[in-house]
$ cat structure07.cif   # mmCIF, C-alpha atoms
data_model
#
loop_
_atom_site.group_PDB
_atom_site.id
_atom_site.type_symbol
_atom_site.label_atom_id
_atom_site.label_comp_id
_atom_site.auth_asym_id
_atom_site.auth_seq_id
_atom_site.Cartn_x
_atom_site.Cartn_y
_atom_site.Cartn_z
ATOM 1 C CA MET A 20 3.507 10.394 18.792
ATOM 2 C CA LYS A 21 2.953 9.420 22.413
ATOM 3 C CA MET A 22 -0.390 7.780 21.539
ATOM 4 C CA ALA A 23 1.160 5.879 18.623
ATOM 5 C CA ASN A 24 3.908 4.532 20.889
ATOM 6 C CA MET A 25 1.251 3.381 23.364
ATOM 7 C CA TYR A 26 -0.567 1.426 20.624
ATOM 8 C CA ILE A 27 2.671 -0.130 19.402
ATOM 9 C CA SER A 28 3.538 -1.184 22.969
ATOM 10 C CA LEU A 29 0.095 -2.754 23.385
ATOM 11 C CA ALA A 30 0.381 -4.550 20.050
ATOM 12 C CA LYS A 31 3.797 -5.942 20.997
ATOM 13 C CA GLU A 32 2.371 -7.273 24.275
ATOM 14 C CA LEU A 33 -0.480 -8.990 22.429
ATOM 15 C CA LEU A 34 1.970 -10.503 19.942
ATOM 16 C CA LYS A 35 3.843 -12.224 22.774
ATOM 17 C CA SER A 36 0.817 -14.472 23.352
ATOM 18 C CA ALA A 37 0.195 -15.231 19.665
ATOM 19 C CA LYS A 38 0.320 -18.939 18.785
ATOM 20 C CA THR A 39 1.685 -18.204 15.293
ATOM 21 C CA ARG A 40 3.622 -15.329 13.771
ATOM 22 C CA PRO A 41 1.132 -12.862 12.295
ATOM 23 C CA VAL A 42 1.411 -12.256 8.549
ATOM 24 C CA CYS A 43 1.360 -8.594 7.585
ATOM 25 C CA LEU A 44 0.924 -7.593 3.938
ATOM 26 C CA ASP A 45 1.898 -4.140 2.711
ATOM 27 C CA VAL A 46 0.454 -3.490 -0.752
ATOM 28 C CA GLY A 47 2.293 -0.446 -2.059
ATOM 29 C CA SER A 48 5.497 -0.856 -0.057
ATOM 30 C CA ALA A 49 7.584 1.667 -2.031
ATOM 31 C CA GLY A 50 10.027 3.426 0.252
ATOM 32 C CA GLY A 51 9.913 0.655 2.849
ATOM 33 C CA PHE A 52 7.544 -0.354 5.590
ATOM 34 C CA HIS A 53 5.674 2.103 7.778
ATOM 35 C CA PRO A 54 7.169 2.663 11.267
ATOM 36 C CA ARG A 55 4.183 0.828 12.823
ATOM 37 C CA LEU A 56 5.212 -2.332 10.997
ATOM 38 C CA GLU A 57 8.906 -1.712 11.588
ATOM 39 C CA ALA A 58 8.238 -1.518 15.343
ATOM 40 C CA MET A 59 6.786 -5.046 15.322
ATOM 41 C CA ARG A 60 9.294 -6.533 12.881
ATOM 42 C CA SER A 61 10.729 -9.082 15.333
ATOM 43 C CA ASP A 62 7.270 -10.539 16.061
ATOM 44 C CA VAL A 63 5.649 -10.686 12.591
ATOM 45 C CA ASP A 64 6.337 -11.757 9.019
ATOM 46 C CA ILE A 65 6.053 -8.798 6.657
ATOM 47 C CA ILE A 66 5.487 -9.143 2.931
ATOM 48 C CA GLY A 67 5.566 -6.073 0.729
ATOM 49 C CA PHE A 68 4.139 -5.745 -2.770
ATOM 50 C CA ASP A 69 5.230 -3.138 -5.253
ATOM 51 C CA ALA A 70 4.709 -2.794 -9.002
ATOM 52 C CA ASP A 71 8.026 -1.026 -9.622
ATOM 53 C CA PRO A 72 10.644 -3.752 -10.285
ATOM 54 C CA ALA A 73 13.597 -1.485 -9.428
ATOM 55 C CA GLU A 74 12.075 -0.454 -6.096
ATOM 56 C CA CYS A 75 11.189 -4.054 -5.275
ATOM 57 C CA ALA A 76 14.772 -5.154 -6.021
ATOM 58 C CA ARG A 77 16.133 -2.341 -3.836
ATOM 59 C CA LEU A 78 13.841 -3.323 -0.949
ATOM 60 C CA ASN A 79 14.739 -7.025 -1.252
ATOM 61 C CA ALA A 80 18.459 -6.187 -1.245
ATOM 62 C CA ALA A 81 17.970 -4.477 2.131
ATOM 63 C CA ALA A 82 15.436 -7.001 3.503
ATOM 64 C CA ARG A 83 15.929 -8.422 6.980
ATOM 65 C CA PRO A 84 14.775 -11.785 8.378
ATOM 66 C CA GLY A 85 10.985 -12.237 8.245
ATOM 67 C CA GLU A 86 10.639 -9.768 5.370
ATOM 68 C CA ARG A 87 10.298 -10.081 1.630
ATOM 69 C CA HIS A 88 9.046 -7.973 -1.245
ATOM 70 C CA ILE A 89 7.099 -9.296 -4.214
ATOM 71 C CA ASN A 90 7.183 -7.465 -7.517
ATOM 72 C CA ALA A 91 3.530 -7.430 -8.543
ATOM 73 C CA ALA A 92 0.986 -4.851 -9.626
ATOM 74 C CA ILE A 93 -1.995 -5.681 -7.423
ATOM 75 C CA GLY A 94 -5.547 -4.865 -8.511
ATOM 76 C CA ARG A 95 -8.207 -6.598 -10.563
ATOM 77 C CA GLU A 96 -7.153 -9.657 -12.587
ATOM 78 C CA ASN A 97 -5.448 -8.913 -15.941
ATOM 79 C CA GLU A 98 -6.252 -5.207 -15.990
ATOM 80 C CA LYS A 99 -3.871 -3.023 -18.010
ATOM 81 C CA VAL A 100 -2.859 0.064 -16.033
ATOM 82 C CA VAL A 101 -0.391 2.835 -16.771
ATOM 83 C CA LEU A 102 1.535 4.123 -13.771
ATOM 84 C CA GLU A 103 2.304 7.842 -14.022
ATOM 85 C CA LEU A 104 5.771 8.232 -12.466
ATOM 86 C CA HIS A 105 6.194 11.373 -10.372
ATOM 87 C CA LYS A 106 9.174 13.375 -9.223
ATOM 88 C CA LYS A 107 8.536 11.905 -5.755
ATOM 89 C CA ARG A 108 8.093 8.233 -6.669
ATOM 90 C CA LYS A 109 5.923 7.414 -3.641
ATOM 91 C CA THR A 110 3.177 9.643 -5.119
ATOM 92 C CA SER A 111 3.181 7.853 -8.510
ATOM 93 C CA SER A 112 -0.276 6.637 -9.491
ATOM 94 C CA CYS A 113 -2.252 4.961 -12.252
ATOM 95 C CA TYR A 114 -4.682 7.867 -11.940
ATOM 96 C CA ALA A 115 -3.608 11.128 -13.564
ATOM 97 C CA THR A 116 -2.996 13.924 -11.096
ATOM 98 C CA ASP A 117 -5.272 16.949 -11.358
ATOM 99 C CA MET A 118 -2.454 19.507 -11.224
ATOM 100 C CA ASP A 119 -4.922 22.431 -11.034
ATOM 101 C CA ARG A 120 -6.163 21.045 -7.690
ATOM 102 C CA VAL A 121 -2.735 19.930 -6.450
ATOM 103 C CA ARG A 122 -1.188 23.373 -7.043
ATOM 104 C CA GLN A 123 -3.394 24.645 -4.219
ATOM 105 C CA PHE A 124 -1.330 22.603 -1.763
ATOM 106 C CA GLN A 125 2.203 22.838 -0.448
ATOM 107 C CA ASP A 126 4.964 20.927 -2.250
ATOM 108 C CA ALA A 127 2.886 20.373 -5.417
ATOM 109 C CA GLU A 128 5.998 19.784 -7.549
ATOM 110 C CA ARG A 129 6.374 16.294 -6.020
ATOM 111 C CA PHE A 130 3.481 15.265 -8.332
ATOM 112 C CA THR A 131 5.285 16.425 -11.500
ATOM 113 C CA PRO A 132 5.033 13.595 -14.077
ATOM 114 C CA GLU A 133 8.391 12.116 -15.177
ATOM 115 C CA GLY A 134 7.314 9.176 -17.306
ATOM 116 C CA GLU A 135 5.067 6.142 -17.400
ATOM 117 C CA ILE A 136 5.234 2.371 -16.930
ATOM 118 C CA GLU A 137 2.526 -0.040 -18.078
ATOM 119 C CA PHE A 138 1.540 -3.027 -15.948
ATOM 120 C CA THR A 139 -0.908 -5.885 -16.061
ATOM 121 C CA THR A 140 -2.433 -6.315 -12.624
ATOM 122 C CA ARG A 141 -3.050 -9.499 -10.680
ATOM 123 C CA THR A 142 -5.431 -9.992 -7.789
ATOM 124 C CA LEU A 143 -4.067 -10.181 -4.279
ATOM 125 C CA ASP A 144 -5.678 -13.611 -3.987
ATOM 126 C CA SER A 145 -3.862 -14.964 -7.074
ATOM 127 C CA VAL A 146 -0.479 -13.589 -5.953
ATOM 128 C CA CYS A 147 -0.968 -14.989 -2.440
ATOM 129 C CA ALA A 148 -1.784 -18.410 -3.931
ATOM 130 C CA ALA A 149 1.299 -18.307 -6.179
ATOM 131 C CA GLU A 150 3.533 -17.183 -3.286
ATOM 132 C CA ASN A 151 2.108 -19.655 -0.728
ATOM 133 C CA ILE A 152 0.704 -16.949 1.512
ATOM 134 C CA ALA A 153 -2.039 -18.878 3.289
ATOM 135 C CA ARG A 154 -3.452 -16.104 5.450
ATOM 136 C CA ILE A 155 -3.477 -12.383 6.035
ATOM 137 C CA ASP A 156 -3.614 -11.037 9.576
ATOM 138 C CA TYR A 157 -2.914 -7.383 8.787
ATOM 139 C CA LEU A 158 -3.442 -5.734 5.403
ATOM 140 C CA LYS A 159 -2.076 -2.282 4.617
ATOM 141 C CA VAL A 160 -2.999 -0.818 1.218
ATOM 142 C CA ASP A 161 -1.490 2.460 0.015
ATOM 143 C CA VAL A 162 -1.463 2.451 -3.785
ATOM 144 C CA GLU A 163 -2.217 6.073 -4.575
ATOM 145 C CA GLY A 164 -5.844 5.742 -5.635
ATOM 146 C CA HIS A 165 -5.993 2.094 -6.717
ATOM 147 C CA GLU A 166 -7.132 0.822 -3.291
ATOM 148 C CA LEU A 167 -10.620 -0.240 -4.389
ATOM 149 C CA ALA A 168 -9.198 -2.412 -7.190
ATOM 150 C CA VAL A 169 -6.886 -4.105 -4.660
ATOM 151 C CA LEU A 170 -9.775 -4.786 -2.268
ATOM 152 C CA GLU A 171 -11.960 -6.134 -5.085
ATOM 153 C CA GLY A 172 -9.256 -8.712 -5.802
ATOM 154 C CA CYS A 173 -9.067 -9.956 -2.222
ATOM 155 C CA ALA A 174 -11.591 -12.499 -0.945
ATOM 156 C CA LYS A 175 -9.420 -13.504 2.017
ATOM 157 C CA THR A 176 -10.430 -12.454 5.500
ATOM 158 C CA PHE A 177 -8.057 -10.549 7.738
ATOM 159 C CA LEU A 178 -8.019 -9.272 11.303
ATOM 160 C CA LEU A 179 -7.042 -5.683 10.622
ATOM 161 C CA ALA A 180 -6.846 -3.436 7.577
ATOM 162 C CA GLU A 181 -5.282 -0.034 7.054
ATOM 163 C CA ILE A 182 -6.445 1.471 3.770
ATOM 164 C CA GLU A 183 -5.441 4.878 2.409
ATOM 165 C CA ILE A 184 -8.645 6.658 1.428
ATOM 166 C CA SER A 185 -9.032 10.017 -0.291
ATOM 167 C CA PHE A 186 -11.719 12.538 0.512
ATOM 168 C CA HIS A 187 -10.566 15.087 -2.071
ATOM 169 C CA PRO A 188 -10.466 14.189 -5.810
ATOM 170 C CA PHE A 189 -6.937 15.397 -6.554
ATOM 171 C CA ARG A 190 -6.543 12.600 -9.088
ATOM 172 C CA LYS A 191 -8.796 12.113 -12.100
ATOM 173 C CA GLU A 192 -11.303 9.223 -11.773
ATOM 174 C CA LEU A 193 -10.112 8.569 -8.206
ATOM 175 C CA CYS A 194 -12.297 6.404 -5.949
ATOM 176 C CA LEU A 195 -13.175 8.362 -2.848
ATOM 177 C CA PHE A 196 -14.067 7.422 0.724
ATOM 178 C CA ASP A 197 -17.744 6.597 0.118
ATOM 179 C CA GLN A 198 -17.003 4.213 -2.794
ATOM 180 C CA ILE A 199 -14.416 2.280 -0.814
ATOM 181 C CA MET A 200 -16.573 2.135 2.305
ATOM 182 C CA ARG A 201 -19.498 0.753 0.265
ATOM 183 C CA HIS A 202 -17.240 -2.084 -0.896
#
$ encode --input "structure07.cif" --output "structure tokens"
Amino acid sequence: MKMANMYISLAKELLKSAKTRPVCLDVGSAGGFHPRLEAMRSDVDIIGFDADPAECARLNAAARPGERHINAAIGRENEKVVLELHKKRKTSSCYATDMDRVRQFQDAERFTPEGEIEFTTRTLDSVCAAENIARIDYLKVDVEGHELAVLEGCAKTFLLAEIEISFHPFRKELCLFDQIMRH
């Protein structure tokens, strides 16, 4: 925690000399923004993306200045995906959970399926164009296994990226570290 606070302090100092407000995108913003982004809220514009319309509406209702949430399923253009809804919504994924593997870990019941929603995905580039998002300074992607599809739909350059990557195939057909790093 001490190290994280040091990095946040350094980032805030750097932001003071920025000529424009950095634009931070959070693809998979269910549950709200990560504390690292929250800590810099006054110095950056934060845009969240989430496929769940109810969660997006909830986040927008609580949004503060410099923040907005866009209801969009981000991935490859016009791909049909089915989101498996879990007991703990933040673990919901369009990749089926391998419950035999997950049962080996603590708190496995959070992955219990409770329904499905079907989406048609759009690329990050197309949503940014439609929403007048001209640049990305920081990109955070945490979409429970669909990270490679998000990256494949983004031709924009950015200064910094934070991508959730799995090393263990606890979801069926999940892209792992080596596949994402090759991209």
$ atom_distance --input "structure07.cif" --atom1 "CA of Asn151 in chain A" --atom2 "CA of Ala168 in chain A"
21.6 Å
$ resolve_selection --input "structure07.cif" --expression "the PyMOL selection byres ((chain A and resi 44) around 12)" --output "PyMOL selection string"
chain A and resi 41-43+45-48+52-53+56+63-69+85-89+93+143-144+146-147+152-161+173+177-182
$ write_last_selection --input "structure07.cif" --atoms "C-alpha atoms" --output "CSV table (one decimal), in the coordinates of the input"
chain,number,residue,atom,x,y,z
A,41,PRO,CA,1.1,-12.9,12.3
A,42,VAL,CA,1.4,-12.3,8.5
A,43,CYS,CA,1.4,-8.6,7.6
A,45,ASP,CA,1.9,-4.1,2.7
A,46,VAL,CA,0.5,-3.5,-0.8
A,47,GLY,CA,2.3,-0.4,-2.1
A,48,SER,CA,5.5,-0.9,-0.1
A,52,PHE,CA,7.5,-0.4,5.6
A,53,HIS,CA,5.7,2.1,7.8
A,56,LEU,CA,5.2,-2.3,11.0
A,63,VAL,CA,5.6,-10.7,12.6
A,64,ASP,CA,6.3,-11.8,9.0
A,65,ILE,CA,6.1,-8.8,6.7
A,66,ILE,CA,5.5,-9.1,2.9
A,67,GLY,CA,5.6,-6.1,0.7
A,68,PHE,CA,4.1,-5.7,-2.8
A,69,ASP,CA,5.2,-3.1,-5.3
A,85,GLY,CA,11.0,-12.2,8.2
A,86,GLU,CA,10.6,-9.8,5.4
A,87,ARG,CA,10.3,-10.1,1.6
A,88,HIS,CA,9.0,-8.0,-1.2
A,89,ILE,CA,7.1,-9.3,-4.2
A,93,ILE,CA,-2.0,-5.7,-7.4
A,143,LEU,CA,-4.1,-10.2,-4.3
A,144,ASP,CA,-5.7,-13.6,-4.0
A,146,VAL,CA,-0.5,-13.6,-6.0
A,147,CYS,CA,-1.0,-15.0,-2.4
A,152,ILE,CA,0.7,-16.9,1.5
A,153,ALA,CA,-2.0,-18.9,3.3
A,154,ARG,CA,-3.5,-16.1,5.4
A,155,ILE,CA,-3.5,-12.4,6.0
A,156,ASP,CA,-3.6,-11.0,9.6
A,157,TYR,CA,-2.9,-7.4,8.8
A,158,LEU,CA,-3.4,-5.7,5.4
A,159,LYS,CA,-2.1,-2.3,4.6
A,160,VAL,CA,-3.0,-0.8,1.2
A,161,ASP,CA,-1.5,2.5,0.0
A,173,CYS,CA,-9.1,-10.0,-2.2
A,177,PHE,CA,-8.1,-10.5,7.7
A,178,LEU,CA,-8.0,-9.3,11.3
A,179,LEU,CA,-7.0,-5.7,10.6
A,180,ALA,CA,-6.8,-3.4,7.6
A,181,GLU,CA,-5.3,0.0,7.1
A,182,ILE,CA,-6.4,1.5,3.8
$ resolve_selection --input "structure07.cif" --expression "the PyMOL selection byres ((chain A and resi 187) around 12)" --output "PyMOL selection string"
chain A and resi 116-117+120-121+124+164+184-186+188-197
$ write_last_selection --input "structure07.cif" --atoms "C-alpha atoms" --output "mmCIF file, keeping the file's coordinate frame"
data_model
loop_
_atom_site.group_PDB
_atom_site.id
_atom_site.type_symbol
_atom_site.label_atom_id
_atom_site.label_comp_id
_atom_site.auth_asym_id
_atom_site.auth_seq_id
_atom_site.Cartn_x
_atom_site.Cartn_y
_atom_site.Cartn_z
ATOM 1 C CA THR A 116 -2.996 13.924 -11.096
ATOM 2 C CA ASP A 117 -5.272 16.949 -11.358
ATOM 3 C CA ARG A 120 -6.163 21.045 -7.690
ATOM 4 C CA VAL A 121 -2.735 19.930 -6.450
ATOM 5 C CA PHE A 124 -1.330 22.603 -1.763
ATOM 6 C CA GLY A 164 -5.844 5.742 -5.635
ATOM 7 C CA ILE A 184 -8.645 6.658 1.428
ATOM 8 C CA SER A 185 -9.032 10.017 -0.291
ATOM 9 C CA PHE A 186 -11.719 12.538 0.512
ATOM 10 C CA PRO A 188 -10.466 14.189 -5.810
ATOM 11 C CA PHE A 189 -6.937 15.397 -6.554
ATOM 12 C CA ARG A 190 -6.543 12.600 -9.088
ATOM 13 C CA LYS A 191 -8.796 12.113 -12.100
ATOM 14 C CA GLU A 192 -11.303 9.223 -11.773
ATOM 15 C CA LEU A 193 -10.112 8.569 -8.206
ATOM 16 C CA CYS A 194 -12.297 6.404 -5.949
ATOM 17 C CA LEU A 195 -13.175 8.362 -2.848
ATOM 18 C CA PHE A 196 -14.067 7.422 0.724
ATOM 19 C CA ASP A 197 -17.744 6.597 0.118
#
$ residues_around --input "structure07.cif" --residues "range 131-134 of chain A" --least-positions-apart "5" --cutoff "6 Å" --atoms "only C-alpha atoms" --output "list in words"
Leu104, His105 and Lys106 of chain A
$ write_last_selection --input "structure07.cif" --atoms "C-alpha atoms" --output "mmCIF file, in the frame of the given file"
data_model
loop_
_atom_site.group_PDB
_atom_site.id
_atom_site.type_symbol
_atom_site.label_atom_id
_atom_site.label_comp_id
_atom_site.auth_asym_id
_atom_site.auth_seq_id
_atom_site.Cartn_x
_atom_site.Cartn_y
_atom_site.Cartn_z
ATOM 1 C CA LEU A 104 5.771 8.232 -12.466
ATOM 2 C CA HIS A 105 6.194 11.373 -10.372
ATOM 3 C CA LYS A 106 9.174 13.375 -9.223
#
$ atom_distance --input "structure07.cif" --atom1 "CA of Glu137 in chain A" --atom2 "CA of Leu167 in chain A"
19.0 Å
$ residues_around --input "structure07.cif" --residues "Glu96 in chain A" --least-positions-apart "6" --cutoff "9 Å" --atoms "only C-alpha atoms" --output "ChimeraX atom specification"
/A:139-143,145,172
$ atom_distance --input "structure07.cif" --atom1 "CA of Ile136 in chain A" --atom2 "CA of Glu171 in chain A"
22.5 Å
$ resolve_selection --input "structure07.cif" --expression "the PyMOL selection byres ((chain A and resi 113) around 8)" --output "list in words"
Val100, Val101, Leu102, Glu103, Ser111, Ser112, Tyr114, Ala115, Glu163, Gly164 and His165 of chain A
$ axis_aligned_box --input "structure07.cif" --around "range 90-99 of chain A" --padding-each-side "4 Å" --output "JSON"
{"center_x": -0.5, "center_y": -6.3, "center_z": -12.7, "size_x": 23.4, "size_y": 14.6, "size_z": 18.6}
$ residues_around --input "structure07.cif" --residues "Arg77 in chain A" --least-positions-apart "3" --cutoff "10 Å" --atoms "all atoms listed in the file" --output "number ranges by chain"
A: 49-51, 72-74, 80-82, 88
$ closest_residue --input "structure07.cif" --among "A:Gln123, A:Asp71, A:Glu166, A:Glu57" --to "Ala91 in chain A" --atoms "all atoms listed in the file"
A:Asp71
$ residues_around --input "structure07.cif" --residues "Lys107 in chain A" --least-positions-apart "5" --cutoff "9 Å" --atoms "all atoms listed in the file" --output "JSON, numbers by chain"
{"A": [128, 129, 130, 131]}
$ decode --input "structure07.cif" --residues "range 128-139 of chain A" --atoms "all heavy atoms" --output "compact mmCIF listing (two decimals), in the first residue's frame"
# COMPACT_ATOMS: atom_id res chain seq x y z
N GLU A 128 -17.94 -19.82 -5.11
CA GLU A 128 -19.36 -19.61 -5.38
C GLU A 128 -19.63 -18.25 -6.05
O GLU A 128 -20.69 -18.05 -6.64
CB GLU A 128 -20.21 -19.77 -4.12
CG GLU A 128 -20.02 -18.71 -3.08
CD GLU A 128 -18.84 -18.97 -2.13
OE1 GLU A 128 -18.18 -20.03 -2.23
OE2 GLU A 128 -18.57 -18.10 -1.32
N ARG A 129 -18.69 -17.32 -6.00
CA ARG A 129 -18.91 -16.02 -6.66
C ARG A 129 -19.06 -16.19 -8.17
O ARG A 129 -19.62 -15.34 -8.84
CB ARG A 129 -17.78 -15.05 -6.32
CG ARG A 129 -16.46 -15.42 -6.93
CD ARG A 129 -15.35 -14.46 -6.52
NE ARG A 129 -14.13 -14.84 -7.17
CZ ARG A 129 -13.00 -15.15 -6.57
NH1 ARG A 129 -12.93 -15.10 -5.25
NH2 ARG A 129 -11.94 -15.48 -7.24
N PHE A 130 -18.55 -17.31 -8.72
CA PHE A 130 -18.63 -17.59 -10.16
C PHE A 130 -19.89 -18.36 -10.55
O PHE A 130 -20.06 -18.73 -11.70
CB PHE A 130 -17.40 -18.38 -10.61
CG PHE A 130 -16.12 -17.60 -10.54
CD1 PHE A 130 -15.28 -17.73 -9.45
CD2 PHE A 130 -15.75 -16.74 -11.57
CE1 PHE A 130 -14.09 -17.01 -9.38
CE2 PHE A 130 -14.57 -16.02 -11.51
CZ PHE A 130 -13.74 -16.15 -10.40
N THR A 131 -20.78 -18.61 -9.61
CA THR A 131 -22.01 -19.36 -9.90
C THR A 131 -22.84 -18.63 -10.94
O THR A 131 -23.20 -17.47 -10.75
CB THR A 131 -22.83 -19.55 -8.61
OG1 THR A 131 -22.01 -20.20 -7.63
CG2 THR A 131 -24.09 -20.36 -8.87
N PRO A 132 -23.14 -19.29 -12.07
CA PRO A 132 -23.95 -18.64 -13.12
C PRO A 132 -25.37 -18.34 -12.63
O PRO A 132 -25.98 -19.14 -11.94
CB PRO A 132 -23.97 -19.67 -14.25
CG PRO A 132 -22.81 -20.56 -14.00
CD PRO A 132 -22.66 -20.60 -12.50
N GLU A 133 -25.87 -17.14 -13.00
CA GLU A 133 -27.23 -16.73 -12.63
C GLU A 133 -28.01 -16.19 -13.82
O GLU A 133 -28.99 -15.48 -13.64
CB GLU A 133 -27.17 -15.67 -11.53
CG GLU A 133 -26.67 -16.18 -10.21
CD GLU A 133 -26.84 -15.16 -9.09
OE1 GLU A 133 -26.88 -13.94 -9.36
OE2 GLU A 133 -26.90 -15.60 -7.93
N GLY A 134 -27.57 -16.49 -15.01
CA GLY A 134 -28.29 -16.02 -16.19
C GLY A 134 -27.33 -15.58 -17.28
O GLY A 134 -26.11 -15.72 -17.13
N GLU A 135 -27.90 -15.08 -18.37
CA GLU A 135 -27.10 -14.66 -19.51
C GLU A 135 -27.72 -13.43 -20.15
O GLU A 135 -28.93 -13.23 -20.08
CB GLU A 135 -27.04 -15.76 -20.58
CG GLU A 135 -26.36 -17.02 -20.15
CD GLU A 135 -26.35 -18.09 -21.25
OE1 GLU A 135 -27.15 -17.98 -22.21
OE2 GLU A 135 -25.55 -19.01 -21.14
N ILE A 136 -26.86 -12.63 -20.79
CA ILE A 136 -27.29 -11.49 -21.61
C ILE A 136 -26.49 -11.57 -22.90
O ILE A 136 -25.28 -11.82 -22.88
CB ILE A 136 -26.99 -10.14 -20.93
CG1 ILE A 136 -27.64 -10.01 -19.57
CG2 ILE A 136 -27.44 -8.99 -21.83
CD1 ILE A 136 -27.25 -8.75 -18.83
N GLU A 137 -27.16 -11.33 -24.03
CA GLU A 137 -26.46 -11.34 -25.31
C GLU A 137 -26.18 -9.91 -25.76
O GLU A 137 -27.03 -9.03 -25.60
CB GLU A 137 -27.28 -12.06 -26.38
CG GLU A 137 -26.53 -12.21 -27.69
CD GLU A 137 -27.27 -13.04 -28.71
OE1 GLU A 137 -27.73 -14.14 -28.34
OE2 GLU A 137 -27.39 -12.58 -29.86
N PHE A 138 -24.98 -9.69 -26.28
CA PHE A 138 -24.58 -8.38 -26.77
C PHE A 138 -23.98 -8.50 -28.16
O PHE A 138 -23.46 -9.55 -28.54
CB PHE A 138 -23.47 -7.77 -25.89
CG PHE A 138 -23.88 -7.50 -24.49
CD1 PHE A 138 -23.52 -8.35 -23.47
CD2 PHE A 138 -24.63 -6.37 -24.18
CE1 PHE A 138 -23.89 -8.09 -22.16
CE2 PHE A 138 -25.01 -6.11 -22.88
CZ PHE A 138 -24.64 -6.96 -21.87
N THR A 139 -24.01 -7.39 -28.88
CA THR A 139 -23.24 -7.25 -30.11
C THR A 139 -22.16 -6.24 -29.78
O THR A 139 -22.44 -5.13 -29.32
CB THR A 139 -24.13 -6.73 -31.26
OG1 THR A 139 -25.17 -7.68 -31.48
CG2 THR A 139 -23.30 -6.58 -32.54
